[in-house]
>>> print(open('target17.txt').read())   # compact mmCIF, C-alpha atoms
# COMPACT_ATOMS: atom_id res chain seq x y z
CA MET A 1 92.34 100.46 131.64
CA THR A 2 95.84 100.08 130.31
CA ASP A 3 97.27 99.00 126.99
CA PRO A 4 100.74 97.76 127.90
CA GLY A 5 101.42 96.60 124.34
CA ARG A 6 101.14 99.93 122.59
CA SER A 7 104.44 101.40 123.75
CA GLU A 8 106.29 98.51 122.09
CA ARG A 9 105.29 100.16 118.80
CA TYR A 10 106.35 103.76 119.56
CA PRO A 11 108.89 105.03 117.01
CA LEU A 12 111.16 107.09 119.30
CA ARG A 13 114.02 105.25 121.00
CA ARG A 14 115.04 106.48 124.42
CA ARG A 15 118.81 106.43 123.96
CA ALA A 16 118.60 108.52 120.78
CA VAL A 17 116.19 110.93 122.48
CA ALA A 18 118.56 111.40 125.44
CA ALA A 19 121.47 111.99 123.08
CA ALA A 20 119.45 114.58 121.15
CA LEU A 21 118.38 116.36 124.34
CA LEU A 22 122.00 116.61 125.50
CA GLU A 23 123.70 117.36 122.19
CA ALA A 24 126.10 120.33 122.52
CA ARG A 25 124.91 120.68 126.11
CA GLY A 26 127.21 123.59 126.90
CA ASP A 27 126.70 124.73 130.47
CA LEU A 28 123.39 122.87 130.92
CA LEU A 29 122.84 121.43 134.42
CA VAL A 30 121.25 117.97 134.31
CA VAL A 31 119.49 115.78 136.86
CA SER A 32 118.59 112.26 135.74
CA GLY A 33 115.90 110.22 137.46
CA LEU A 34 116.22 106.77 138.97
CA GLY A 35 116.29 103.89 136.52
CA ALA A 36 116.46 103.91 132.77
CA PRO A 37 116.80 107.70 132.37
CA THR A 38 120.00 107.58 134.42
CA TRP A 39 121.34 104.87 132.07
CA ASP A 40 120.17 106.84 129.01
CA VAL A 41 121.86 110.05 130.14
CA ALA A 42 125.04 108.11 131.00
CA ALA A 43 124.97 106.55 127.53
CA ALA A 44 124.95 110.06 126.07
CA GLY A 45 128.21 110.73 127.94
CA ASP A 46 129.22 110.97 131.59
CA HIS A 47 129.53 114.62 132.63
CA PRO A 48 130.37 116.36 135.93
CA LEU A 49 127.34 118.64 135.53
CA THR A 50 124.98 115.66 135.47
CA PHE A 51 123.64 114.49 138.83
CA PRO A 52 122.39 110.97 138.16
CA LEU A 53 120.01 109.49 140.71
CA TRP A 54 120.41 105.87 141.77
CA GLY A 55 117.61 106.21 144.33
CA ALA A 56 115.39 108.92 145.85
CA MET A 57 112.52 107.88 143.60
CA GLY A 58 110.06 110.72 143.12
CA GLY A 59 112.66 113.38 143.90
CA ALA A 60 114.15 114.26 140.51
CA ALA A 61 111.86 117.21 139.71
CA MET A 62 112.35 118.71 143.16
CA ILE A 63 116.14 118.41 142.98
CA GLY A 64 115.82 120.24 139.67
CA LEU A 65 113.69 122.94 141.30
CA GLY A 66 116.15 123.53 144.14
CA LEU A 67 118.99 123.75 141.64
CA ALA A 68 117.03 126.06 139.30
CA LEU A 69 116.17 128.42 142.16
CA ALA A 70 119.79 128.47 143.33
CA ARG A 71 121.19 129.13 139.84
CA PRO A 72 118.64 131.23 137.94
CA GLU A 73 121.24 132.17 135.32
CA ARG A 74 121.70 128.52 134.25
CA ARG A 75 119.39 126.19 132.36
CA VAL A 76 118.41 123.12 134.39
CA LEU A 77 117.13 119.96 132.68
CA VAL A 78 115.56 117.07 134.57
CA VAL A 79 115.37 113.85 132.54
CA THR A 80 113.28 111.25 134.30
CA GLY A 81 110.89 108.38 133.73
CA ASP A 82 107.14 108.00 133.91
CA GLY A 83 107.20 105.85 137.04
CA GLU A 84 109.55 108.23 138.83
CA MET A 85 107.45 111.25 137.84
CA LEU A 86 104.22 109.59 138.95
CA MET A 87 105.74 108.99 142.39
CA GLY A 88 106.46 112.72 142.71
CA LEU A 89 103.40 114.06 140.93
CA GLY A 90 102.75 116.62 143.67
CA SER A 91 106.12 118.18 142.89
CA LEU A 92 104.69 119.36 139.55
CA ALA A 93 102.20 121.43 141.55
CA THR A 94 105.04 122.85 143.61
CA VAL A 95 107.07 123.72 140.51
CA GLY A 96 103.96 125.22 138.92
CA VAL A 97 103.62 127.63 141.83
CA LYS A 98 107.30 128.68 141.85
CA ARG A 99 107.45 128.95 138.03
CA PRO A 100 111.24 128.87 137.58
CA ALA A 101 111.85 130.17 134.04
CA ASN A 102 115.09 128.17 133.71
CA LEU A 103 113.75 124.68 134.51
CA ALA A 104 112.70 122.01 132.02
CA ILE A 105 111.42 118.58 132.99
CA VAL A 106 111.40 115.83 130.39
CA VAL A 107 109.83 112.44 130.98
CA LEU A 108 111.05 109.56 128.82
CA ASP A 109 107.71 107.80 128.94
CA ASN A 110 107.76 104.13 127.95
CA GLU A 111 104.62 103.49 130.02
CA ARG A 112 106.50 100.83 132.01
CA TYR A 113 108.42 100.26 135.21
CA GLY A 114 111.56 99.22 133.38
CA GLU A 115 113.71 98.22 136.34
CA THR A 116 111.19 95.91 137.92
CA GLY A 117 109.97 93.76 135.05
CA MET A 118 108.35 96.19 132.59
CA GLN A 119 105.02 96.39 134.41
CA ALA A 120 102.59 99.03 133.10
CA THR A 121 102.56 102.47 134.69
CA HIS A 122 99.48 104.65 134.81
CA THR A 123 100.61 106.40 131.61
CA ALA A 124 99.78 103.17 129.79
CA GLY A 125 96.23 104.05 130.76
CA PRO A 126 94.52 107.41 131.13
CA ALA A 127 97.29 109.34 132.92
CA ASP A 128 98.46 112.25 130.76
CA LEU A 129 101.51 113.84 132.39
CA ALA A 130 101.76 116.82 130.03
CA ALA A 131 98.10 117.68 130.62
CA ALA A 132 98.73 117.42 134.36
CA ALA A 133 101.71 119.76 134.12
CA ALA A 134 99.66 122.27 132.11
CA ALA A 135 96.84 122.10 134.63
CA LEU A 136 99.34 122.66 137.46
CA GLY A 137 100.71 125.87 135.99
CA PHE A 138 103.52 124.98 133.57
CA PRO A 139 103.38 127.57 130.76
CA VAL A 140 105.18 125.33 128.25
CA THR A 141 104.12 121.69 127.87
CA GLY A 142 103.79 119.03 125.22
CA THR A 143 103.58 115.35 124.42
CA VAL A 144 106.09 114.19 121.82
CA ARG A 145 105.40 111.08 119.75
CA ASP A 146 107.75 111.12 116.76
CA GLN A 147 111.02 112.54 115.43
CA ALA A 148 109.49 115.69 113.94
CA GLU A 149 107.77 116.54 117.22
CA LEU A 150 111.02 115.87 119.08
CA GLU A 151 112.95 118.24 116.84
CA ALA A 152 110.30 120.89 117.37
CA ALA A 153 110.35 120.41 121.15
CA ILE A 154 114.11 120.48 121.75
CA PRO A 155 114.54 124.27 121.34
CA ALA A 156 111.78 124.81 123.92
CA ILE A 157 113.30 122.24 126.27
CA ARG A 158 116.68 123.90 126.01
CA GLY A 159 115.61 127.52 125.96
CA ALA A 160 111.92 128.40 126.41
CA THR A 161 110.87 130.60 129.31
CA GLY A 162 109.65 127.86 131.59
CA PRO A 163 109.03 125.92 133.53
CA ALA A 164 108.70 123.55 130.58
CA PHE A 165 107.40 120.01 130.73
CA TYR A 166 107.57 117.50 127.92
CA ASP A 167 106.34 113.92 127.98
CA ILE A 168 108.25 112.05 125.30
CA LYS A 169 106.67 108.75 124.36
CA VAL A 170 109.46 106.23 123.81
CA ARG A 171 109.47 102.58 122.86
CA ALA A 172 109.33 100.01 125.64
CA GLU A 173 112.60 98.17 125.19
CA ASP A 174 115.10 96.38 127.34
CA LEU A 175 118.53 97.94 126.75
CA PRO A 176 122.00 97.19 128.10
CA LEU A 177 122.73 99.14 131.28
CA VAL A 178 125.15 102.04 130.90
CA MET A 179 126.08 103.12 134.39
CA PRO A 180 127.48 106.43 135.59
CA PRO A 181 129.56 106.46 138.78
CA LYS A 182 127.43 105.33 141.72
CA ASP A 183 129.35 106.92 144.60
CA GLY A 184 126.90 109.61 145.70
CA ILE A 185 129.50 111.75 147.43
CA LEU A 186 131.68 111.73 144.32
CA LEU A 187 128.70 112.65 142.12
CA LYS A 188 127.69 115.51 144.40
CA ASP A 189 131.20 116.85 144.94
CA ARG A 190 132.22 116.78 141.29
CA PHE A 191 128.99 118.55 140.32
CA ARG A 192 129.58 121.29 142.89
CA ALA A 193 133.24 121.63 141.99
CA ALA A 194 132.40 121.97 138.28
CA LEU A 195 129.61 124.47 138.93
CA LEU A 196 130.92 126.45 141.87
CA GLY A 197 134.70 126.14 141.66
CA LYS A 198 136.48 127.16 144.85
CA GLU A 199 133.20 128.24 146.41
CA ALA A 200 132.28 124.55 146.64
CA GLY A 201 134.88 124.20 149.39
CA ILE A 202 135.95 120.74 148.22
CA MET B 1 114.31 139.76 180.67
CA THR B 2 117.24 140.24 178.40
CA ALA B 3 116.87 141.89 175.01
CA ALA B 4 117.24 138.51 173.31
CA ALA B 5 114.56 136.93 175.47
CA SER B 6 112.12 139.66 174.51
CA ARG B 7 112.07 138.30 170.96
CA SER B 8 109.69 135.45 170.17
CA TRP B 9 111.20 131.99 169.60
CA PRO B 10 110.29 132.09 165.88
CA GLU B 11 112.14 135.41 165.63
CA GLU B 12 115.16 133.84 167.33
CA ILE B 13 115.07 130.97 164.85
CA PHE B 14 114.72 133.36 161.91
CA ALA B 15 117.80 135.24 163.10
CA ALA B 16 119.72 131.96 163.40
CA LEU B 17 118.68 130.90 159.86
CA ALA B 18 119.72 134.28 158.47
CA ALA B 19 123.09 134.06 160.26
CA LEU B 20 123.62 130.56 158.80
CA GLY B 21 123.09 131.97 155.30
CA VAL B 22 119.95 129.97 154.61
CA ARG B 23 118.51 130.97 151.22
CA GLN B 24 115.76 128.42 150.50
CA VAL B 25 113.08 127.71 153.10
CA ALA B 26 110.74 124.85 152.27
CA TYR B 27 107.65 124.03 154.27
CA VAL B 28 104.30 122.36 154.51
CA PRO B 29 102.04 124.91 156.18
CA ASP B 30 101.98 124.41 159.92
CA ALA B 31 100.39 126.41 162.72
CA GLY B 32 103.49 126.12 164.91
CA HIS B 33 105.72 127.49 162.15
CA LYS B 34 103.28 130.17 160.98
CA GLU B 35 105.24 133.13 162.31
CA LEU B 36 108.61 131.79 161.11
CA ILE B 37 107.23 131.04 157.64
CA GLU B 38 105.81 134.56 157.36
CA ARG B 39 109.09 136.04 158.55
CA CYS B 40 111.09 134.06 155.97
CA ALA B 41 108.62 134.92 153.19
CA GLY B 42 109.20 138.59 153.91
CA ALA B 43 113.01 138.30 153.82
CA ALA B 44 114.59 139.44 150.56
CA ALA B 45 117.49 136.99 150.91
CA MET B 46 115.20 133.96 151.35
CA GLU B 47 113.09 132.06 148.84
CA THR B 48 110.18 130.20 150.42
CA VAL B 49 108.84 127.08 148.75
CA ALA B 50 105.46 125.65 149.79
CA LEU B 51 105.40 121.86 149.35
CA THR B 52 102.64 119.33 148.81
CA THR B 53 104.51 116.81 151.01
CA GLU B 54 107.59 117.07 153.18
CA GLU B 55 109.76 114.68 151.17
CA GLU B 56 109.68 117.19 148.32
CA GLY B 57 111.61 119.54 150.58
CA VAL B 58 114.35 116.97 151.24
CA ALA B 59 114.93 116.66 147.48
CA LEU B 60 114.58 120.42 146.91
CA LEU B 61 117.32 121.21 149.39
CA ALA B 62 119.64 118.60 147.89
CA GLY B 63 119.22 120.49 144.62
CA ALA B 64 119.80 123.81 146.38
CA TRP B 65 123.09 122.51 147.77
CA LEU B 66 124.15 121.28 144.33
CA GLY B 67 123.60 124.87 143.21
CA GLY B 68 125.54 126.36 146.11
CA GLN B 69 122.72 127.41 148.43
CA ARG B 70 121.82 126.45 151.97
CA GLY B 71 118.26 125.69 152.97
CA ALA B 72 115.97 124.73 155.82
CA LEU B 73 112.94 122.43 155.86
CA LEU B 74 110.06 123.24 158.20
CA MET B 75 107.47 120.65 159.14
CA GLN B 76 105.33 119.12 161.83
CA SER B 77 106.23 115.75 163.39
CA SER B 78 103.68 113.98 161.18
CA GLY B 79 105.78 115.04 158.19
CA VAL B 80 108.85 113.17 159.40
CA GLY B 81 107.35 109.90 158.29
CA ASN B 82 106.87 111.26 154.79
CA CYS B 83 110.60 111.95 154.44
CA VAL B 84 112.10 108.56 155.23
CA ASN B 85 113.16 107.26 151.81
CA MET B 86 114.22 110.68 150.54
CA LEU B 87 116.60 111.02 153.50
CA SER B 88 118.74 108.40 151.75
CA LEU B 89 120.06 111.34 149.69
CA MET B 90 121.74 112.75 152.79
CA ARG B 91 123.31 109.50 153.91
CA THR B 92 124.38 108.31 150.46
CA CYS B 93 125.66 111.62 149.07
CA ALA B 94 126.48 113.52 152.29
CA PHE B 95 124.10 116.35 151.52
CA PRO B 96 123.41 118.75 154.39
CA LEU B 97 119.83 119.07 155.60
CA LEU B 98 118.53 121.31 158.37
CA MET B 99 115.05 120.32 159.50
CA LEU B 100 112.93 122.23 162.02
CA VAL B 101 110.15 120.02 163.35
CA THR B 102 107.30 121.27 165.52
CA MET B 103 106.19 118.40 167.70
CA ARG B 104 102.68 117.07 168.11
CA GLY B 105 101.67 114.00 170.05
CA GLN B 106 103.56 114.87 173.18
CA PRO B 107 102.04 114.84 176.69
CA GLY B 108 98.93 117.04 176.65
CA GLU B 109 98.10 116.31 172.99
CA PHE B 110 94.44 116.65 172.14
CA ASN B 111 94.41 114.50 168.99
CA PRO B 112 95.37 110.82 169.40
CA TRP B 113 96.04 110.55 165.66
CA GLN B 114 99.14 112.67 166.27
CA LEU B 115 100.60 110.19 168.76
CA PRO B 116 102.25 107.72 166.33
CA MET B 117 104.57 110.21 164.64
CA GLY B 118 104.90 112.34 167.77
CA GLU B 119 106.26 109.35 169.64
CA THR B 120 108.44 108.02 166.81
CA ALA B 121 109.74 111.16 165.05
CA ALA B 122 113.04 111.21 166.97
CA PRO B 123 113.93 107.51 166.54
CA VAL B 124 112.77 107.57 162.90
CA LEU B 125 115.06 110.52 162.19
CA GLU B 126 117.96 108.85 164.01
CA LEU B 127 117.46 105.63 162.05
CA GLY B 128 117.46 107.75 158.88
CA GLY B 129 120.88 109.15 159.73
CA CYS B 130 119.84 112.52 161.19
CA ARG B 131 121.39 114.14 164.20
CA VAL B 132 118.53 115.12 166.52
CA PHE B 133 118.55 118.27 168.66
CA ALA B 134 115.81 118.71 171.27
CA LEU B 135 114.44 122.20 171.77
CA ASP B 136 112.45 122.10 175.00
CA ASP B 137 112.93 125.69 176.16
CA ALA B 138 112.01 128.69 174.00
CA ALA B 139 114.97 130.61 175.39
CA GLU B 140 117.30 128.12 173.69
CA ALA B 141 115.70 128.42 170.24
CA GLY B 142 118.36 130.49 168.53
CA ALA B 143 121.31 128.62 170.03
CA THR B 144 119.84 125.20 169.26
CA VAL B 145 119.09 126.03 165.62
CA ALA B 146 122.55 127.55 165.23
CA ALA B 147 124.14 124.37 166.61
CA ALA B 148 122.03 122.13 164.39
CA GLY B 149 122.83 124.30 161.38
CA ARG B 150 126.54 124.05 162.06
CA ALA B 151 126.21 120.28 162.33
CA ALA B 152 124.27 120.14 159.06
CA PHE B 153 126.32 122.47 156.90
CA GLU B 154 129.77 121.77 158.31
CA GLY B 155 129.16 117.99 158.36
CA PRO B 156 127.63 117.85 155.92
CA THR B 157 124.86 115.75 157.40
CA ALA B 158 121.16 115.80 158.19
CA ALA B 159 120.22 117.52 161.43
CA ALA B 160 116.77 118.00 162.92
CA VAL B 161 115.62 120.32 165.69
CA LEU B 162 112.55 118.92 167.44
CA ILE B 163 110.62 121.87 168.87
CA ALA B 164 108.67 120.62 171.88
CA GLN B 165 104.92 121.03 171.97
CA ARG B 166 105.19 123.07 175.14
CA VAL B 167 107.35 125.58 173.25
CA VAL B 168 104.91 125.75 170.34
CA GLY B 169 101.77 125.69 172.47
CA MET B 170 99.04 123.09 172.61
CA LYS B 171 96.38 122.90 169.93
CA THR B 172 93.03 122.08 171.53
CA PHE B 173 90.36 122.99 168.98
CA GLY B 174 88.64 124.68 171.93
CA CYS B 175 88.62 121.49 174.00
CA THR B 176 90.52 122.29 177.14
CA GLY B 177 90.33 118.88 178.82
CA ASP B 178 90.25 118.86 182.59
CA ASP B 179 90.23 122.57 183.27
>>> encode(input="target17.txt", output="structure tokens")
Amino acid sequence: MTDPGRSERYPLRRRAVAAALLEARGDLLVVSGLGAPTWDVAAAGDHPLTFPLWGAMGGAAMIGLGLALARPERRVLVVTGDGEMLMGLGSLATVGVKRPANLAIVVLDNERYGETGMQATHTAGPADLAAAAAALGFPVTGTVRDQAELEAAIPAIRGATGPAFYDIKVRAEDLPLVMPPKDGILLKDRFRAALLGKEAGI
Amino acid sequence: MTAAASRSWPEEIFAALAALGVRQVAYVPDAGHKELIERCAGAAAMETVALTTEEEGVALLAGAWLGGQRGALLMQSSGVGNCVNMLSLMRTCAFPLLMLVTMRGQPGEFNPWQLPMGETAAPVLELGGCRVFALDDAAEAGATVAAAGRAAFEGPTAAAVLIAQRVVGMKTFGCTGDD
């Protein structure tokens, strides 16, 4: 059972949510998931410490985990979509076991596959990603449905002892693409150079 | 026997991983890798990460590299098929990846369901852009993993060591065939 129409009425807009998540980002390390979240994060401002995915669907949370384990002193934020998260659902179980305190995963959940024609994902039906994350061991979780809930969630996303998982319900809408660089080697090397300096060996 | 040969092949591989500076070791539990996994889990310098599926490890180790750490991904040949799309990270972004694959489905295999990935793991990896290193002799374990690690981390590229079933030992579930 799905209700693909309901997300057209959600009040939160994904571009504004991404901008709010990344406001005054400081030394935050960001991974954005394939599709609309990569465009949303790019719209908030291209940054060397963002690693935007143009592929590797289902891998965003695990890239965030590897990064969080490597840099425990830095906050790591994964911003991905509901379809991408559903493809890597097992990775929530893996993160739940490792419990990295510095990792937050945020799903911009429009209940659609936005890049392929806005078909319904399972979150348009019974799938509850925040409940899944809680059941899999995330100590901090929530579903966000409006501006007040977003403002309450952002401090936890940016600073709570995690891992934190928030499913942010956003309106299903077709927005202009805002693309970050797509050269994967450039994206990787500039991230490592900005984070590691000379140690990156670039 | 030399002193080196008196160590088990998993111990040789552990020493090679430690010498390469591997910090994150990701795995799906596997009988062939049991000793190596336990050895890595007991090493203070290594973080072990148990996965629900092998492709998670490919993504994990891309993230580790972004953060400045080297890793290794341990799996059985059946797991190679699970990794195929995620390996696009290595080819597109030139991430390093060191994979250690215990082979099933080779001559003497008890379970025919292991044959498809046993027979296709090497060509699948090569098609996915991995350099493939065969490990057919336990005495070569340390040297082969060291060579594959150099290829992976100095490339950077994806490199896989395929550990032959005769090195790992046959799994028979008590069925010993013609003997």
>>> interface_residues(input="target17.txt", of="chain B", to="chain A", cutoff="9 Å", atoms="all atoms listed in the file", output="PDB file with C-alpha atoms, keeping the file's coordinate frame")
ATOM      1  CA  ARG B  23     118.510 130.970 151.220  1.00  0.00           C
ATOM      2  CA  GLN B  24     115.760 128.420 150.500  1.00  0.00           C
ATOM      3  CA  GLU B  47     113.090 132.060 148.840  1.00  0.00           C
ATOM      4  CA  VAL B  49     108.840 127.080 148.750  1.00  0.00           C
ATOM      5  CA  ALA B  50     105.460 125.650 149.790  1.00  0.00           C
ATOM      6  CA  LEU B  51     105.400 121.860 149.350  1.00  0.00           C
ATOM      7  CA  THR B  52     102.640 119.330 148.810  1.00  0.00           C
ATOM      8  CA  THR B  53     104.510 116.810 151.010  1.00  0.00           C
ATOM      9  CA  GLU B  55     109.760 114.680 151.170  1.00  0.00           C
ATOM     10  CA  GLU B  56     109.680 117.190 148.320  1.00  0.00           C
ATOM     11  CA  GLY B  57     111.610 119.540 150.580  1.00  0.00           C
ATOM     12  CA  VAL B  58     114.350 116.970 151.240  1.00  0.00           C
ATOM     13  CA  ALA B  59     114.930 116.660 147.480  1.00  0.00           C
ATOM     14  CA  LEU B  60     114.580 120.420 146.910  1.00  0.00           C
ATOM     15  CA  LEU B  61     117.320 121.210 149.390  1.00  0.00           C
ATOM     16  CA  ALA B  62     119.640 118.600 147.890  1.00  0.00           C
ATOM     17  CA  GLY B  63     119.220 120.490 144.620  1.00  0.00           C
ATOM     18  CA  ALA B  64     119.800 123.810 146.380  1.00  0.00           C
ATOM     19  CA  TRP B  65     123.090 122.510 147.770  1.00  0.00           C
ATOM     20  CA  LEU B  66     124.150 121.280 144.330  1.00  0.00           C
ATOM     21  CA  GLY B  67     123.600 124.870 143.210  1.00  0.00           C
ATOM     22  CA  GLY B  68     125.540 126.360 146.110  1.00  0.00           C
ATOM     23  CA  GLN B  69     122.720 127.410 148.430  1.00  0.00           C
ATOM     24  CA  ASN B  85     113.160 107.260 151.810  1.00  0.00           C
ATOM     25  CA  MET B  86     114.220 110.680 150.540  1.00  0.00           C
ATOM     26  CA  LEU B  87     116.600 111.020 153.500  1.00  0.00           C
ATOM     27  CA  SER B  88     118.740 108.400 151.750  1.00  0.00           C
ATOM     28  CA  LEU B  89     120.060 111.340 149.690  1.00  0.00           C
ATOM     29  CA  ARG B  91     123.310 109.500 153.910  1.00  0.00           C
ATOM     30  CA  THR B  92     124.380 108.310 150.460  1.00  0.00           C
ATOM     31  CA  CYS B  93     125.660 111.620 149.070  1.00  0.00           C
ATOM     32  CA  ALA B  94     126.480 113.520 152.290  1.00  0.00           C
ATOM     33  CA  PHE B  95     124.100 116.350 151.520  1.00  0.00           C
TER      34      PHE B  95
END
>>> residues_around(input="target17.txt", residues="Thr121 of chain A", least_positions_apart="4", cutoff="7 Å", atoms="only C-alpha atoms", output="ChimeraX atom specification")
/A:83,111-113
>>> axis_aligned_box(input="target17.txt", around="segment 18-34 of chain B", padding_each_side="4 Å", output="JSON")
{"center_x": 112.0, "center_y": 128.3, "center_z": 157.7, "size_x": 31.2, "size_y": 19.9, "size_z": 22.4}
>>> atom_distance(input="target17.txt", atom1="atom CA of Gly155 of chain B", atom2="atom CA of Leu97 of chain B")
9.8 Å
>>> atom_distance(input="target17.txt", atom1="atom CA of Thr80 of chain A", atom2="atom CA of Val107 of chain A")
4.9 Å
>>> closest_residue(input="target17.txt", among="A:Leu175, A:Val170, A:Leu103, A:Ala20", to="Arg145 of chain A", atoms="only C-alpha atoms")
A:Val170
>>> atom_distance(input="target17.txt", atom1="atom CA of Gly142 of chain B", atom2="atom CA of Leu36 of chain B")
12.3 Å
>>> closest_residue(input="target17.txt", among="B:Ser8, B:Thr157, B:Thr144, B:Thr120", to="Gly81 of chain B", atoms="only C-alpha atoms")
B:Thr120
>>> residues_near_point(input="target17.txt", point="(103.7, 115.8, 170.9)", cutoff="8 Å", atoms="all atoms listed in the file", output="MDAnalysis selection string")
chainID B and resid 77 103:109 114:115 118:119 164:165
>>> closest_residue(input="target17.txt", among="A:Ala43, A:Leu77, A:Ala101, A:Met87", to="Val30 of chain A", atoms="all atoms listed in the file")
A:Leu77
>>> residues_near_point(input="target17.txt", point="(119.3, 129.7, 167.5)", cutoff="10 Å", atoms="all atoms listed in the file", output="PyMOL selection string")
chain B and resi 9-17+19-20+135+138-149
>>> closest_residue(input="target17.txt", among="A:Ser32, A:Thr116, A:Thr123, A:Thr38", to="Ser7 of chain A", atoms="all atoms listed in the file")
A:Thr123
